[in-house]
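The file upload_6.csv contains CSV, C-alpha atoms:
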```
chain,number,residue,atom,x,y,z
A,1,MET,CA,55.4,152.6,210.6
A,2,ALA,CA,55.7,152.1,206.9
A,3,LYS,CA,59.0,150.7,205.7
A,4,ILE,CA,60.9,150.2,202.4
A,5,THR,CA,61.6,146.5,202.4
A,6,ALA,CA,63.1,146.1,198.9
A,7,GLY,CA,64.4,147.8,195.8
A,8,ILE,CA,63.8,146.4,192.4
A,9,ALA,CA,65.5,147.5,189.2
A,10,THR,CA,64.5,146.4,185.8
A,11,SER,CA,64.6,147.5,182.1
A,12,HIS,CA,61.2,148.2,180.6
A,13,VAL,CA,61.3,147.4,176.9
A,14,PRO,CA,57.9,147.6,175.1
A,15,ALA,CA,58.5,144.5,173.0
A,16,VAL,CA,58.7,142.6,176.3
A,17,GLY,CA,55.1,143.6,176.9
A,18,HIS,CA,54.1,142.4,173.4
A,19,ALA,CA,55.8,139.0,174.1
A,20,VAL,CA,53.8,138.7,177.4
A,21,ASP,CA,50.5,139.8,175.8
A,22,SER,CA,50.9,137.5,172.8
A,23,GLY,CA,52.0,134.4,174.8
A,24,ARG,CA,55.5,134.3,173.2
A,25,THR,CA,57.6,134.3,176.4
A,26,GLN,CA,58.8,130.7,175.8
A,27,ASP,CA,59.9,131.4,172.2
A,28,ASP,CA,63.6,130.8,171.5
A,29,TYR,CA,64.2,134.6,171.3
A,30,TRP,CA,62.5,135.5,174.5
A,31,LYS,CA,62.9,132.5,176.8
A,32,PRO,CA,66.4,133.3,178.0
A,33,MET,CA,65.3,136.8,179.1
A,34,PHE,CA,62.1,135.7,180.9
A,35,ASP,CA,64.0,132.9,182.6
A,36,GLY,CA,66.0,135.6,184.4
A,37,TYR,CA,62.9,136.7,186.1
A,38,GLU,CA,61.7,133.3,187.3
A,39,PHE,CA,63.6,133.7,190.6
A,40,SER,CA,62.1,137.2,191.0
A,41,LYS,CA,58.5,136.0,190.5
A,42,LYS,CA,59.0,133.5,193.3
A,43,TRP,CA,60.8,135.9,195.5
A,44,ILE,CA,58.2,138.6,195.2
A,45,ALA,CA,55.4,136.1,196.0
A,46,GLU,CA,57.3,135.2,199.2
A,47,ASN,CA,58.2,138.9,200.0
A,48,PRO,CA,55.1,140.8,198.9
A,49,ALA,CA,54.6,144.6,199.2
A,50,ASP,CA,51.5,146.4,200.1
A,51,VAL,CA,52.6,149.3,197.9
A,52,ALA,CA,55.2,149.6,195.1
A,53,ILE,CA,56.5,153.1,194.3
A,54,ILE,CA,57.4,152.6,190.6
A,55,VAL,CA,59.9,155.2,189.3
A,56,TYR,CA,59.6,155.2,185.5
A,57,ASN,CA,59.3,157.4,182.5
A,58,ASP,CA,56.4,158.0,180.2
A,59,HIS,CA,57.3,157.6,176.5
A,60,ALA,CA,55.1,160.3,174.9
A,61,SER,CA,52.2,158.1,175.9
A,62,TYR,CA,50.4,160.3,178.5
A,63,PHE,CA,52.6,163.4,178.6
A,64,GLY,CA,53.1,165.2,175.4
A,65,MET,CA,55.4,168.2,175.2
A,66,ASP,CA,52.6,170.6,176.3
A,67,ILE,CA,53.5,169.7,179.9
A,68,MET,CA,56.8,167.9,180.8
A,69,PRO,CA,57.2,167.5,184.6
A,70,THR,CA,60.7,166.7,185.8
A,71,PHE,CA,59.4,164.7,188.8
A,72,ALA,CA,55.7,163.8,189.3
A,73,MET,CA,53.6,161.5,191.5
A,74,GLY,CA,50.4,159.8,190.8
A,75,ILE,CA,48.1,160.1,193.8
A,76,ALA,CA,44.9,158.7,192.3
A,77,GLU,CA,43.0,155.5,193.2
A,78,LYS,CA,43.6,153.9,189.8
A,79,PHE,CA,45.6,154.4,186.7
A,80,ASN,CA,44.4,153.3,183.3
A,81,ILE,CA,46.6,151.8,180.6
A,82,CYS,CA,47.8,154.0,177.7
A,83,ASP,CA,47.2,153.5,174.0
A,84,GLU,CA,50.8,153.7,172.7
A,85,GLY,CA,49.7,153.6,169.1
A,86,TYR,CA,48.5,150.0,168.8
A,87,GLY,CA,45.7,149.9,171.5
A,88,PRO,CA,46.1,149.6,175.2
A,89,ARG,CA,47.9,146.5,176.6
A,90,PRO,CA,45.3,143.9,177.7
A,91,ILE,CA,46.3,143.9,181.4
A,92,PRO,CA,44.6,144.8,184.6
A,93,VAL,CA,44.1,148.4,185.6
A,94,VAL,CA,46.8,149.6,188.0
A,95,GLU,CA,45.5,150.5,191.5
A,96,GLY,CA,46.9,153.4,193.4
A,97,HIS,CA,47.4,154.0,197.1
A,98,ALA,CA,46.1,157.5,197.5
A,99,GLU,CA,46.7,157.7,201.3
A,100,LEU,CA,50.4,157.0,201.1
A,101,ALA,CA,50.8,158.9,197.8
A,102,THR,CA,49.3,162.1,199.1
A,103,HIS,CA,51.5,161.8,202.2
A,104,LEU,CA,54.6,161.2,200.1
A,105,ALA,CA,53.9,164.0,197.6
A,106,ALA,CA,53.2,166.5,200.4
A,107,SER,CA,56.3,165.4,202.4
A,108,LEU,CA,58.5,165.7,199.3
A,109,ILE,CA,57.3,169.1,198.4
A,110,LEU,CA,57.9,170.3,202.0
A,111,ASP,CA,61.4,168.8,201.7
A,112,ASP,CA,62.0,171.1,198.6
A,113,PHE,CA,61.3,168.5,195.9
A,114,ASP,CA,58.9,170.4,193.7
A,115,MET,CA,56.7,167.4,192.7
A,116,THR,CA,54.1,167.7,190.0
A,117,VAL,CA,50.9,166.2,191.5
A,118,LEU,CA,48.9,163.9,189.2
A,119,ASN,CA,45.3,163.3,190.2
A,120,LYS,CA,44.9,161.8,186.7
A,121,LEU,CA,47.4,159.6,184.9
A,122,ASP,CA,47.4,156.8,182.4
A,123,VAL,CA,50.5,154.5,182.6
A,124,ASP,CA,52.5,153.1,179.7
A,125,HIS,CA,55.0,150.3,179.2
A,126,GLY,CA,57.5,152.0,181.4
A,127,LEU,CA,55.5,151.1,184.4
A,128,THR,CA,53.5,148.1,183.1
A,129,VAL,CA,56.3,146.0,181.6
A,130,PRO,CA,58.1,145.8,185.0
A,131,LEU,CA,54.8,144.7,186.6
A,132,SER,CA,54.4,141.9,183.9
A,133,LEU,CA,58.0,140.8,184.5
A,134,MET,CA,57.6,140.6,188.2
A,135,TYR,CA,54.0,139.3,188.4
A,136,GLY,CA,53.3,137.6,185.1
A,137,THR,CA,49.7,137.7,183.9
A,138,PRO,CA,47.5,137.9,187.0
A,139,ASP,CA,43.8,138.9,186.9
A,140,LYS,CA,44.6,141.7,189.4
A,141,TRP,CA,48.0,143.2,190.3
A,142,PRO,CA,49.1,141.9,193.7
A,143,THR,CA,50.3,145.3,194.9
A,144,LYS,CA,49.1,148.8,194.9
A,145,VAL,CA,51.2,151.2,192.9
A,146,ILE,CA,52.4,154.8,193.3
A,147,PRO,CA,53.7,155.9,189.9
A,148,LEU,CA,56.6,158.3,190.0
A,149,PRO,CA,57.2,159.6,186.5
A,150,VAL,CA,60.6,161.2,185.8
A,151,ASN,CA,61.5,163.2,182.7
A,152,VAL,CA,64.3,161.4,181.1
A,153,VAL,CA,63.2,162.1,177.5
A,154,MET,CA,64.0,165.8,177.2
A,155,ASN,CA,67.4,167.2,178.1
A,156,PRO,CA,68.1,168.6,180.7
A,157,GLN,CA,67.0,165.6,182.7
A,158,PRO,CA,67.3,165.9,186.5
A,159,SER,CA,70.9,165.3,187.7
A,160,GLY,CA,72.0,162.1,189.2
A,161,GLU,CA,72.6,163.8,192.6
A,162,ARG,CA,69.0,165.1,192.5
A,163,CYS,CA,67.6,161.7,191.8
A,164,PHE,CA,69.7,160.1,194.5
A,165,SER,CA,68.6,162.8,197.0
A,166,LEU,CA,65.0,162.3,196.0
A,167,GLY,CA,65.3,158.6,196.9
A,168,LYS,CA,66.7,159.4,200.3
A,169,ALA,CA,63.7,161.8,200.9
A,170,ILE,CA,61.3,159.1,199.8
A,171,LYS,CA,62.8,156.8,202.4
A,172,ASP,CA,62.3,159.4,205.2
A,173,ALA,CA,58.8,160.1,204.0
A,174,VAL,CA,57.8,156.5,203.9
A,175,GLU,CA,59.1,155.9,207.5
A,176,GLN,CA,57.1,158.9,208.7
A,177,PHE,CA,53.8,157.5,207.4
A,178,ASP,CA,51.3,156.7,210.1
A,179,GLY,CA,50.4,153.3,208.9
A,180,ASP,CA,51.9,149.8,208.8
A,181,LEU,CA,52.9,149.2,205.2
A,182,LYS,CA,55.6,147.2,203.4
A,183,VAL,CA,56.8,149.3,200.5
A,184,HIS,CA,58.9,148.4,197.6
A,185,ILE,CA,60.6,150.9,195.4
A,186,TRP,CA,61.3,150.1,191.7
A,187,GLY,CA,63.7,151.9,189.5
A,188,THR,CA,63.0,151.1,185.8
A,189,GLY,CA,64.5,151.7,182.4
A,190,GLY,CA,67.9,151.2,180.9
A,191,MET,CA,70.3,149.6,180.6
A,192,SER,CA,72.5,150.6,177.6
A,193,HIS,CA,70.4,151.3,174.5
A,194,GLN,CA,70.0,153.8,171.7
A,195,ILE,CA,67.0,153.7,169.5
A,196,GLN,CA,67.7,156.6,167.2
A,197,GLY,CA,70.2,157.8,164.6
A,198,ALA,CA,73.1,156.1,162.8
A,199,ARG,CA,74.5,154.9,166.2
A,200,ALA,CA,71.3,153.0,167.0
A,201,GLY,CA,71.7,149.6,168.5
A,202,LEU,CA,74.5,150.6,170.9
A,203,ILE,CA,75.0,148.1,173.7
A,204,ASN,CA,77.7,148.4,176.4
A,205,LEU,CA,77.4,145.4,178.7
A,206,PRO,CA,80.7,145.9,180.6
A,207,TRP,CA,79.6,149.5,181.4
A,208,ASP,CA,76.2,148.2,182.5
A,209,ILE,CA,77.7,145.6,184.9
A,210,GLN,CA,80.0,148.3,186.4
A,211,PHE,CA,76.9,150.6,186.8
A,212,MET,CA,75.2,147.8,188.8
A,213,ASP,CA,78.3,147.2,190.9
A,214,ASP,CA,78.6,150.9,191.7
A,215,LEU,CA,74.8,151.3,192.3
A,216,ILE,CA,75.1,148.6,195.0
A,217,ASN,CA,78.4,149.4,196.5
A,218,ASP,CA,79.2,153.1,195.8
A,219,PRO,CA,76.1,155.1,194.9
A,220,GLU,CA,77.5,158.2,196.7
A,221,THR,CA,80.1,158.4,194.0
A,222,LEU,CA,77.9,157.1,191.1
A,223,GLN,CA,75.4,159.9,191.7
A,224,TYR,CA,77.9,162.4,190.2
A,225,LYS,CA,78.3,160.6,186.8
A,226,PRO,CA,77.5,163.2,184.2
A,227,HIS,CA,74.6,162.7,181.8
A,228,LEU,CA,77.1,163.0,178.9
A,229,GLU,CA,78.8,159.8,180.0
A,230,TYR,CA,75.5,157.9,180.1
A,231,MET,CA,74.8,159.1,176.6
A,232,VAL,CA,78.3,158.3,175.2
A,233,GLU,CA,78.8,155.0,176.9
A,234,ALA,CA,75.3,153.7,177.3
A,235,GLY,CA,73.5,155.3,174.4
A,236,SER,CA,71.2,158.3,174.2
A,237,GLU,CA,68.4,156.3,176.0
A,238,GLY,CA,70.8,154.9,178.6
A,239,VAL,CA,70.3,158.1,180.6
A,240,GLU,CA,67.1,156.4,181.9
A,241,LEU,CA,69.4,154.8,184.4
A,242,ILE,CA,69.3,157.9,186.6
A,243,MET,CA,65.9,156.5,187.7
A,244,TRP,CA,67.7,153.5,189.3
A,245,LEU,CA,69.5,156.1,191.6
A,246,ILE,CA,66.1,157.1,193.0
A,247,MET,CA,65.4,153.5,194.0
A,248,ARG,CA,68.9,153.1,195.4
A,249,GLY,CA,68.7,156.3,197.5
A,250,ALA,CA,65.6,155.0,199.2
A,251,LEU,CA,67.3,151.9,200.4
A,252,GLY,CA,69.9,153.4,202.8
A,253,ASP,CA,73.6,153.1,203.0
A,254,LYS,CA,74.2,149.4,202.6
A,255,VAL,CA,72.2,146.8,200.7
A,256,ASN,CA,72.0,143.1,200.2
A,257,GLU,CA,72.2,141.8,196.6
A,258,VAL,CA,69.4,139.3,196.4
A,259,HIS,CA,69.3,138.8,192.6
A,260,ARG,CA,71.1,140.0,189.6
A,261,PHE,CA,70.4,139.3,185.9
A,262,ASN,CA,71.7,140.6,182.6
A,263,HIS,CA,70.6,139.7,179.1
A,264,VAL,CA,71.4,141.1,175.6
A,265,PRO,CA,69.3,141.8,173.6
A,266,ALA,CA,65.6,142.5,174.2
A,267,SER,CA,64.7,144.3,171.0
A,268,ASN,CA,67.3,147.2,171.0
A,269,THR,CA,68.2,147.0,174.7
A,270,SER,CA,70.5,145.5,177.2
A,271,VAL,CA,68.3,144.1,179.9
A,272,GLY,CA,69.4,144.5,183.5
A,273,HIS,CA,67.6,143.5,186.7
A,274,LEU,CA,68.4,143.7,190.4
A,275,ILE,CA,66.6,142.8,193.6
A,276,LEU,CA,68.2,144.6,196.6
A,277,THR,CA,67.1,144.8,200.3
A,278,PRO,CA,68.2,147.3,202.9
A,279,LYS,CA,71.0,145.9,205.2
A,280,ASP,CA,69.4,147.2,208.3
A,281,ASN,CA,66.2,145.3,207.4
B,1,MET,CA,73.8,176.7,185.9
B,2,LYS,CA,74.2,177.7,182.2
B,3,PRO,CA,73.1,174.9,179.9
B,4,ASN,CA,75.8,173.4,177.7
B,5,PHE,CA,74.0,171.8,174.8
B,6,ASP,CA,77.1,171.9,172.6
B,7,GLN,CA,78.7,169.1,174.7
B,8,PHE,CA,76.3,166.6,172.9
B,9,LYS,CA,77.3,167.6,169.4
B,10,ASP,CA,80.4,165.4,169.3
B,11,ILE,CA,78.4,162.2,169.8
B,12,PRO,CA,78.3,160.5,166.4
B,13,GLY,CA,75.0,159.4,164.8
B,14,THR,CA,73.0,160.8,167.7
B,15,THR,CA,70.4,163.6,168.1
B,16,ILE,CA,69.9,164.6,171.7
B,17,PHE,CA,66.4,165.9,172.3
B,18,THR,CA,67.1,169.1,174.1
B,19,ILE,CA,64.6,171.6,175.3
B,20,GLU,CA,65.6,173.7,172.3
B,21,LYS,CA,64.9,170.8,169.9
B,22,ALA,CA,61.6,170.2,171.8
B,23,ARG,CA,60.5,173.8,170.9
B,24,GLU,CA,61.4,173.3,167.3
B,25,GLY,CA,59.6,170.0,167.0
B,26,PHE,CA,56.5,170.9,169.2
B,27,GLN,CA,53.9,170.7,166.4
B,28,LEU,CA,55.5,167.6,164.9
B,29,ASN,CA,55.4,165.8,168.2
B,30,GLU,CA,51.9,167.0,168.9
B,31,PHE,CA,50.8,165.5,165.6
B,32,CYS,CA,52.4,162.2,166.7
B,33,MET,CA,50.6,162.3,170.0
B,34,SER,CA,47.3,162.7,168.2
B,35,LEU,CA,47.8,159.1,166.8
B,36,ARG,CA,47.1,157.7,170.2
B,37,THR,CA,43.5,157.1,169.2
B,38,GLN,CA,42.2,154.7,166.6
B,39,GLU,CA,39.9,157.3,165.1
B,40,ASN,CA,42.9,159.6,164.4
B,41,ARG,CA,45.0,156.8,163.1
B,42,ASP,CA,42.3,155.9,160.6
B,43,ARG,CA,41.9,159.5,159.5
B,44,PHE,CA,45.7,159.9,159.1
B,45,HIS,CA,46.0,156.7,157.0
B,46,ALA,CA,43.0,157.7,154.9
B,47,ASP,CA,44.6,160.9,153.7
B,48,GLU,CA,48.0,161.6,155.2
B,49,ARG,CA,48.5,165.0,153.6
B,50,LYS,CA,45.1,166.3,154.6
B,51,TYR,CA,45.6,165.2,158.2
B,52,LEU,CA,49.1,166.7,158.4
B,53,ASP,CA,47.7,170.0,157.1
B,54,GLU,CA,45.6,170.2,160.2
B,55,TRP,CA,48.8,170.8,162.2
B,56,GLU,CA,51.0,173.9,162.2
B,57,MET,CA,54.0,171.9,161.1
B,58,THR,CA,56.6,173.2,158.7
B,59,GLU,CA,56.5,171.9,155.2
B,60,GLU,CA,59.8,170.2,155.8
B,61,GLN,CA,58.4,168.4,158.8
B,62,LYS,CA,55.3,167.3,156.9
B,63,LYS,CA,57.5,166.0,154.0
B,64,ALA,CA,59.7,164.0,156.4
B,65,VAL,CA,56.6,162.3,157.8
B,66,LEU,CA,55.2,161.5,154.4
B,67,ASP,CA,58.6,160.1,153.4
B,68,ARG,CA,58.9,158.2,156.7
B,69,ASP,CA,62.3,159.7,157.0
B,70,PHE,CA,62.8,159.3,160.7
B,71,GLN,CA,66.3,160.7,160.8
B,72,ARG,CA,65.0,163.9,159.1
B,73,MET,CA,62.2,164.0,161.7
B,74,LEU,CA,64.7,163.9,164.5
B,75,ASP,CA,66.7,166.6,162.8
B,76,LEU,CA,63.6,168.8,162.7
B,77,GLY,CA,62.8,168.4,166.4
B,78,GLY,CA,61.0,165.1,166.6
B,79,ASN,CA,61.7,162.7,169.4
B,80,VAL,CA,61.7,158.9,168.8
B,81,TYR,CA,59.1,158.2,171.5
B,82,PHE,CA,56.8,160.5,169.7
B,83,LEU,CA,57.7,159.2,166.3
B,84,SER,CA,57.0,155.7,167.5
B,85,LYS,CA,53.3,156.5,167.3
B,86,ILE,CA,53.7,156.8,163.5
B,87,PHE,CA,55.4,153.4,163.1
B,88,ALA,CA,53.4,151.6,165.8
B,89,ALA,CA,50.2,152.6,164.0
B,90,GLU,CA,51.6,150.8,160.9
B,91,GLY,CA,52.5,147.7,162.9
B,92,LEU,CA,56.2,148.3,162.8
B,93,SER,CA,58.5,147.5,165.8
B,94,TYR,CA,61.2,149.7,167.2
B,95,VAL,CA,63.8,147.4,165.6
B,96,GLN,CA,62.2,147.8,162.2
B,97,ALA,CA,61.8,151.6,162.4
B,98,VAL,CA,65.1,152.3,164.1
B,99,SER,CA,67.1,150.2,161.6
B,100,THR,CA,66.1,152.6,158.9
B,101,MET,CA,68.2,155.3,160.5
B,102,THR,CA,71.4,153.2,160.3
B,103,ASP,CA,73.4,152.0,157.3
B,104,MET,CA,72.0,148.5,157.7
B,105,ASN,CA,68.9,146.8,156.5
B,106,VAL,CA,66.6,145.3,159.1
B,107,GLN,CA,68.0,141.8,158.8
B,108,GLU,CA,71.6,143.1,159.3
B,109,TYR,CA,70.5,145.2,162.2
B,110,GLN,CA,68.7,142.3,163.9
B,111,ALA,CA,71.8,140.2,163.4
B,112,MET,CA,73.9,142.9,165.0
B,113,MET,CA,71.6,143.0,168.0
B,114,LEU,CA,71.6,139.2,168.4
B,115,ALA,CA,75.4,139.2,168.3
B,116,GLY,CA,75.4,141.6,171.3
B,117,GLY,CA,74.6,145.0,169.7
B,118,ARG,CA,76.8,147.8,168.4
B,119,SER,CA,80.0,148.3,170.3
B,120,PRO,CA,80.6,151.8,171.5
B,121,ASP,CA,84.2,151.4,170.3
B,122,GLY,CA,84.7,153.8,167.4
B,123,TRP,CA,81.3,155.5,168.1
B,124,ARG,CA,82.2,157.7,171.1
B,125,SER,CA,83.3,160.9,169.3
B,126,LYS,CA,82.9,162.5,165.9
B,127,LYS,CA,86.4,163.9,166.3
B,128,GLU,CA,87.8,160.4,166.8
B,129,ARG,CA,85.9,159.3,163.7
B,130,GLY,CA,87.2,162.3,161.6
B,131,GLU,CA,83.6,163.5,161.2
B,132,ALA,CA,84.1,166.9,163.0
```

So, in terms of structure tokens, how does the structure I just supplied come out?
Amino acid sequence: MAKITAGIATSHVPAVGHAVDSGRTQDDYWKPMFDGYEFSKKWIAENPADVAIIVYNDHASYFGMDIMPTFAMGIAEKFNICDEGYGPRPIPVVEGHAELATHLAASLILDDFDMTVLNKLDVDHGLTVPLSLMYGTPDKWPTKVIPLPVNVVMNPQPSGERCFSLGKAIKDAVEQFDGDLKVHIWGTGGMSHQIQGARAGLINLPWDIQFMDDLINDPETLQYKPHLEYMVEAGSEGVELIMWLIMRGALGDKVNEVHRFNHVPASNTSVGHLILTPKDN
Amino acid sequence: MKPNFDQFKDIPGTTIFTIEKAREGFQLNEFCMSLRTQENRDRFHADERKYLDEWEMTEEQKKAVLDRDFQRMLDLGGNVYFLSKIFAAEGLSYVQAVSTMTDMNVQEYQAMMLAGGRSPDGWRSKKERGEA
């Protein structure tokens, strides 16, 4: 049986990708942030996954406004790297896991989650910056990846309850797969940040830390937090944090906190990072 | 459930990209998406006005792009992730572009971020700020 063995949460700031690609991770500005991921790189080398389901959002890199899926799943064998306006990041292509992805997409649709099925998808910093943070700069990514893009750009975004329920359905679907796989699920984006308007630069670290505590200990209540609160307290782009609820939903009732890290700022963003494992593991 | 977009209007200095704004800004955002190729970036930079005229954007939207008035582009249905294609193509970071929408210059904005960012205190409600 396939099993979800860990959940990883991390912000996905584009400037972090630039820092990695230009070899500036040890600069004074960046070093304190990257230091927070040193533990994680060792941990993931010792606790590898066969497949990582990476919940992320595209940033007008692959999806325009002609088609805007609320929940989608990449079921292809590989995913190329987007050109986000300055050429594609010089990183390895992302390999998919078509067998598990088709099983998951089908299972979720049968469970009433109306997934958009993506036989073609290029991935942007939302997915690739987390890979760089966890794996550094390998010649080939050590895990296969199932991209799960969520619309968090256009309001209405899916509700927190829906995201949390989707995570629970992913857990069930993974466990029903006829194959022996270790699966990680990653929730990316956040934490507090606002990159538009006169209120740009908003950071709310106490709120971010409380969100992490609630995600770990009381997600059943956290799922009902209205989007308006994310926007007011964590900035207009802070609503990305609903994607962490999908990750959390896939881990079951109780979790172990393996690692936690916060850093302000990376560019305009409060960086948050968690490694969680299911307690029944 | 009936949508309630009005609930976002009390957030100060913030334009929420609703499905309604997305409709208004569709052509502007499509233009931005076109800048994902070097060929189109080169064509745009060679003659911005001519390139913009290939899109069914309003004159106001085109003027906002030519003026690099990002707040105006947001007001006219643009979304910052789309607009990022305009400034990324010019080698500008999010910090550089985003700071232009605030009342700070880029150095002041960077200093604010290094000091921990903008506190939400005083920025939660237009009513509280006497703006509504």

Shell of 8 Å around B:Thr15, all atoms listed in the file, local chain residues under 4 positions omitted, as an mmCIF file with C-alpha atoms, in the frame of the given file:
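That gives us around00.cif:
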```
data_model
loop_
_atom_site.group_PDB
_atom_site.id
_atom_site.type_symbol
_atom_site.label_atom_id
_atom_site.label_comp_id
_atom_site.auth_asym_id
_atom_site.auth_seq_id
_atom_site.Cartn_x
_atom_site.Cartn_y
_atom_site.Cartn_z
ATOM 1 C CA GLN A 196 67.700 156.600 167.200
ATOM 2 C CA GLY A 197 70.200 157.800 164.600
ATOM 3 C CA LEU B 74 64.700 163.900 164.500
ATOM 4 C CA ASP B 75 66.700 166.600 162.800
#
```

I'd like the neighbourhood of stretch 82-84 of chain B as a ChimeraX atom specification, where a residue qualifies if any of its atoms comes within 12 Å (using only C-alpha atoms), though same-chain residues fewer than 6 positions away should be ignored.
/A:14,58-65,83-86,153-154,195-196 /B:17,22,25-36,61,64-65,68-74,76,90-98

Would you pick out the contacts of B:Glu128 at 10 Å or less, using all atoms listed in the file, so that residues sharing its chain but fewer than 4 positions from it are not included, and give the list as an MDAnalysis selection string?
chainID B and resid 10 12 122:124 132

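Put simply, atom CA of A:Gln157 is 26.9 Å away from atom CA of A:Ser132.
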
Straight-line distance linking atom CA of A:Asp280 with atom CA of A:Leu148, stated in Å to one decimal
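Value for the atom CA of A:Asp280-atom CA of A:Leu148 distance: 24.9 Å.
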
For atom CA of B:Asp53 and atom CA of B:Ile16, quote the distance in Å rounded to one decimal.
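Distance reported for this atom pair: 27.1 Å.
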
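Closest to chain A among B:Asp42, B:Glu54, B:Gly130, B:Asp103 is B:Asp103, based on only C-alpha atoms.
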
Counting all atoms listed in the file, closest pick from B:Met1, B:Glu39, B:Glu60, B:Leu114 relative to chain A is B:Leu114

Counting only C-alpha atoms, which of B:Lys62, B:Lys127, B:Lys21, B:His45 gets nearest to chain A?
B:Lys21

Of the listed residues A:Val152, A:Val145, A:Ile242, A:Ala250, that which approaches chain B most closely, counting all atoms listed in the file:
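Under the stated criterion, the closest residue is A:Val152.
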
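Every protein or nucleic acid residue with an atom no more than 8 Å from stretch 97-107 of chain A, counting all atoms listed in the file and leaving out same-chain residues fewer than 2 positions away, appears here: A:Val51, A:Met73, A:Gly74, A:Ile75, A:Ala76, A:Glu77, A:Glu95, A:Ile109, A:Leu110, A:Asp111, A:Met115, A:Val117, A:Lys144, A:Val145, A:Ile146, A:Ile170, A:Ala173, A:Val174, A:Phe177.
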
Restricting the calculation to only C-alpha atoms, which member of A:Leu108, A:Ile203, A:Leu228, A:Leu131 is positioned closest to A:Thr10?
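Going through A:Leu108, A:Ile203, A:Leu228, A:Leu131 one by one, the smallest distance to A:Thr10 is for A:Leu131.
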
Would you pick out the contacts of A:His227 at 8 Å or less, using all atoms listed in the file, so that residues sharing its chain but fewer than 5 positions from it are not included, and give the list as a PDB file with C-alpha atoms, in the coordinates of the input?
```pdb
ATOM      1  CA  SER A 159      70.900 165.300 187.700  1.00  0.00           C
ATOM      2  CA  GLY A 160      72.000 162.100 189.200  1.00  0.00           C
ATOM      3  CA  VAL A 239      70.300 158.100 180.600  1.00  0.00           C
TER       4      VAL A 239
END
```

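Distances to A:His12 were evaluated for A:Asn204, A:Gln223, A:Thr128, A:Asn151 using all atoms listed in the file, and the minimum falls at A:Thr128.
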